[in-house]
2 protein chains.
Amino acid sequence: MVGNKQIVLKDYVKGFLKESDLILKTSDVELNIPGGCNGAVLVKNLYLSCDPYMRGRMVKMEGSYIDSFTPGEVIVGYGVAKIVDSSNPNFKKGDLIWGMTGWEEYSLIKSTEAIFKIPSLDVPLSFYTGILGMAGMTAYVGFYEICSPKKGEIVFVSAASGAVGQLVGQFAKLFGCYVVGSAGSQDKVDLLKNKFGFDDAFNYKEEPDIDAAIKRYFPDGIDIYFENVGGKMLEGVLPNMRSRGRIAGCGMISQYNLEKQDATRNLIYLILKQIRMQGFLVFDYFHLYPKYLEMVLPLIQEGKLAYVEDIVEGIEAAPAALVGLFSGKNVGKQVVAVAQD
Amino acid sequence: MVGNKQIVLKDYVKGFLKESDLILKTSDVELNIPGGCNGAVLVKNLYLSCDPYMRGRMVKMEGSYIDSFTPGEVIVGYGVAKIVDSSNPNFKKGDLIWGMTGWEEYSLIKSTEAIFKIPSLDVPLSFYTGILGMAGMTAYVGFYEICSPKKGEIVFVSAASGAVGQLVGQFAKLFGCYVVGSAGSQDKVDLLKNKFGFDDAFNYKEEPDIDAAIKRYFPDGIDIYFENVGGKMLEGVLPNMRSRGRIAGCGMISQYNLEKQDATRNLIYLILKQIRMQGFLVFDYFHLYPKYLEMVLPLIQEGKLAYVEDIVEGIEAAPAALVGLFSGKNVGKQVVAVAQD
């Protein structure tokens, strides 16, 4: 029996997520699988992934693609963990896994459908919260499957230094596109241009007129917009799309904390410019994961892909890290390191 | 030399189109092709098509898919005409054609790329302004190519009694879908249910809460939305779409006369529901016209497709007919009969 620090949702969240919406509490946990839990695994969590979509699980929502969190209970998300005990023949003690786990030190995972074994590879374990996990798959699926890219096309990525954006931009560059990103600080803009190899980048917070900024960075228009932001950014992008452009709807982080969503003008350009705008959820595409690893692992190992993480230490730091996503505090993929091994 | 009554655009139009924005004037025209016009044809216009997209050509717009009309000059649109004189080997005197022509009694058509010869078939000539012309192709392309329909899916068509909507609904029914349409009067609703065979229909003008109306008519959600309207209708549809639904962006007639377009909420559902929303212009798809005729002509001849036209007589009536589209005065495809032969 050991202590188990946990992050619990206080109640459904209205408006901007605050640290106080998430409560740190300590329970006791036995490091054996309880009776009647055949097929379950007990894991020690090593890394937790902070992802914007988690905000959507903090409201009561029916008919969504994913269940709401339950007030008073531990929240869940993607993470990397080590098997401590297993009643499942596919996992044994000591195995490393990534997938859906609890925001706590130890988790009993009853359904193992959403966890994947980590092969022993020469990459940092934390990468499985991002580039080798959901964010990487999201960038891969969004860019290659949804955007239908062609070499030489002009690509715009918003929230471009985030977990997904940084990868989309680099995939697009490797594919032979011209890529511009937007982010929320000069440091991030520098990162986009100097580390991730974007052709250009701008700080949207210093652009009072988004439409004018987009016209300046895309005098010939945009073929592909990778949408992570929504709201006013989308409104500014639409008139500047080129004919037969594509918009991959990956996320709308500007909207997740609003009680009443922004309304977007300029949708008429979807018709005038014959644009395909397609929302997607990565969960539908995990059958492509082996194919993705085949592509991405050599790129990482050969140093052709940069990847920036923002790692905070200790589960106590998890609420602030998650909240920070929505004001853009993180630089790169936001990770919480819970334990070393 | 004969008199040629013409409809001229007074000036670029702001706000709601009015009859006084279009001026009837009479010029003289010689019924021979002038010198230096090799390849041209001179036509006598028989029917003119009133189409909502024409409103977009009455503003000064750069970089659009189609040129703006020129103030002081005759407006152009789709029509049916008879060749009076030809300097083009593909057309001879007496041939009937449909395609882009002037809103006048006689037109000199210098570029014949946008006109098609009409075979002698046992269908009314006016059909080539609609079901056998652009509106028909729009319905065909929009439904079959853009919506990716599957048998048994639930389809919603807005502006459903219009030239395009009435055909989309019938194509969807013939395909095996469940189809509901919206229109702006009880008469049109009756037409949808009794003449066009829609499964259900409603008058949006009597629905103060569009979201509630849609929930009532689509308790299981919408797989395919054929968008002719835009604005509040789209906003109401989005939360009621089913997962992996498709929206064909054909037109947004509610928006064409607005100085400042409505803003639309609920775009987040594009992601949450993994929706593909695709704008299209029929002009890109005319290579499919022979294939469309092959499908649609037997349906017309066997009486399997109903088609309602609203024909006014005389070019003098053309401005009011065009203006009437935007308040829904027309019942069915709005046509102007200019001459008998």
# chains A, B, ... in the order shown; residues from 1 in each chain; ligands from 1
>>> interface_residues(of="chain B", to="chain A", cutoff="6 Å", atoms="only C-alpha atoms", output="list in words")
Gly249, Ala263, Thr264, Arg265, Leu270, Ile271, Gln274, Ile275, Arg276, Met277, Gln278, Gly279 and Phe280 of chain B
>>> write_last_selection(atoms="C-alpha atoms", output="short mmCIF file (atom, residue, chain, number, x, y, z; two decimals), in the first residue's frame")
data_model
loop_
_atom_site.label_atom_id
_atom_site.label_comp_id
_atom_site.auth_asym_id
_atom_site.auth_seq_id
_atom_site.Cartn_x
_atom_site.Cartn_y
_atom_site.Cartn_z
CA GLY B 249 -21.59 24.46 -49.87
CA ALA B 263 -21.25 35.54 -38.48
CA THR B 264 -21.74 31.87 -37.79
CA ARG B 265 -21.26 30.12 -34.48
CA LEU B 270 -16.86 20.60 -37.69
CA ILE B 271 -14.15 19.07 -35.52
CA GLN B 274 -15.56 15.18 -38.04
CA ILE B 275 -17.52 16.99 -40.70
CA ARG B 276 -16.36 17.70 -44.21
CA MET B 277 -17.75 20.99 -45.49
CA GLN B 278 -16.93 21.61 -49.10
CA GLY B 279 -17.74 24.59 -51.25
CA PHE B 280 -18.00 24.01 -54.96
#
>>> residues_around(residues="region 89-91 of chain B", least_positions_apart="2", cutoff="8 Å", atoms="only C-alpha atoms", output="ChimeraX atom specification")
/B:39,41,83,86-87,93,95,117
>>> write_last_selection(atoms="C-alpha atoms", output="PDB file, in the first residue's frame")
ATOM      1  CA  GLY B  39     -15.885  32.701 -84.463  1.00  0.00           C
ATOM      2  CA  VAL B  41     -22.467  33.919 -83.100  1.00  0.00           C
ATOM      3  CA  ILE B  83     -28.604  31.288 -83.675  1.00  0.00           C
ATOM      4  CA  SER B  86     -22.873  32.552 -87.231  1.00  0.00           C
ATOM      5  CA  SER B  87     -19.245  32.984 -88.180  1.00  0.00           C
ATOM      6  CA  LYS B  93     -28.393  29.654 -88.311  1.00  0.00           C
ATOM      7  CA  ASP B  95     -29.425  26.048 -84.102  1.00  0.00           C
ATOM      8  CA  LYS B 117     -25.847  23.134 -78.713  1.00  0.00           C
TER       9      LYS B 117
END
>>> residues_around(residues="Phe171 (chain A)", least_positions_apart="3", cutoff="9 Å", atoms="only C-alpha atoms", output="ChimeraX atom specification")
/A:139-140,143-144,166-168,174-177,305
>>> residues_around(residues="Ala339 (chain B)", least_positions_apart="5", cutoff="10 Å", atoms="only C-alpha atoms", output="ChimeraX atom specification")
/B:44-48,81,105,313-315
>>> residues_around(residues="Lys60 (chain A)", least_positions_apart="6", cutoff="9 Å", atoms="only C-alpha atoms", output="list in words")
Tyr12, Val13, Asp67, Ser68, Phe69 and Thr70 of chain A
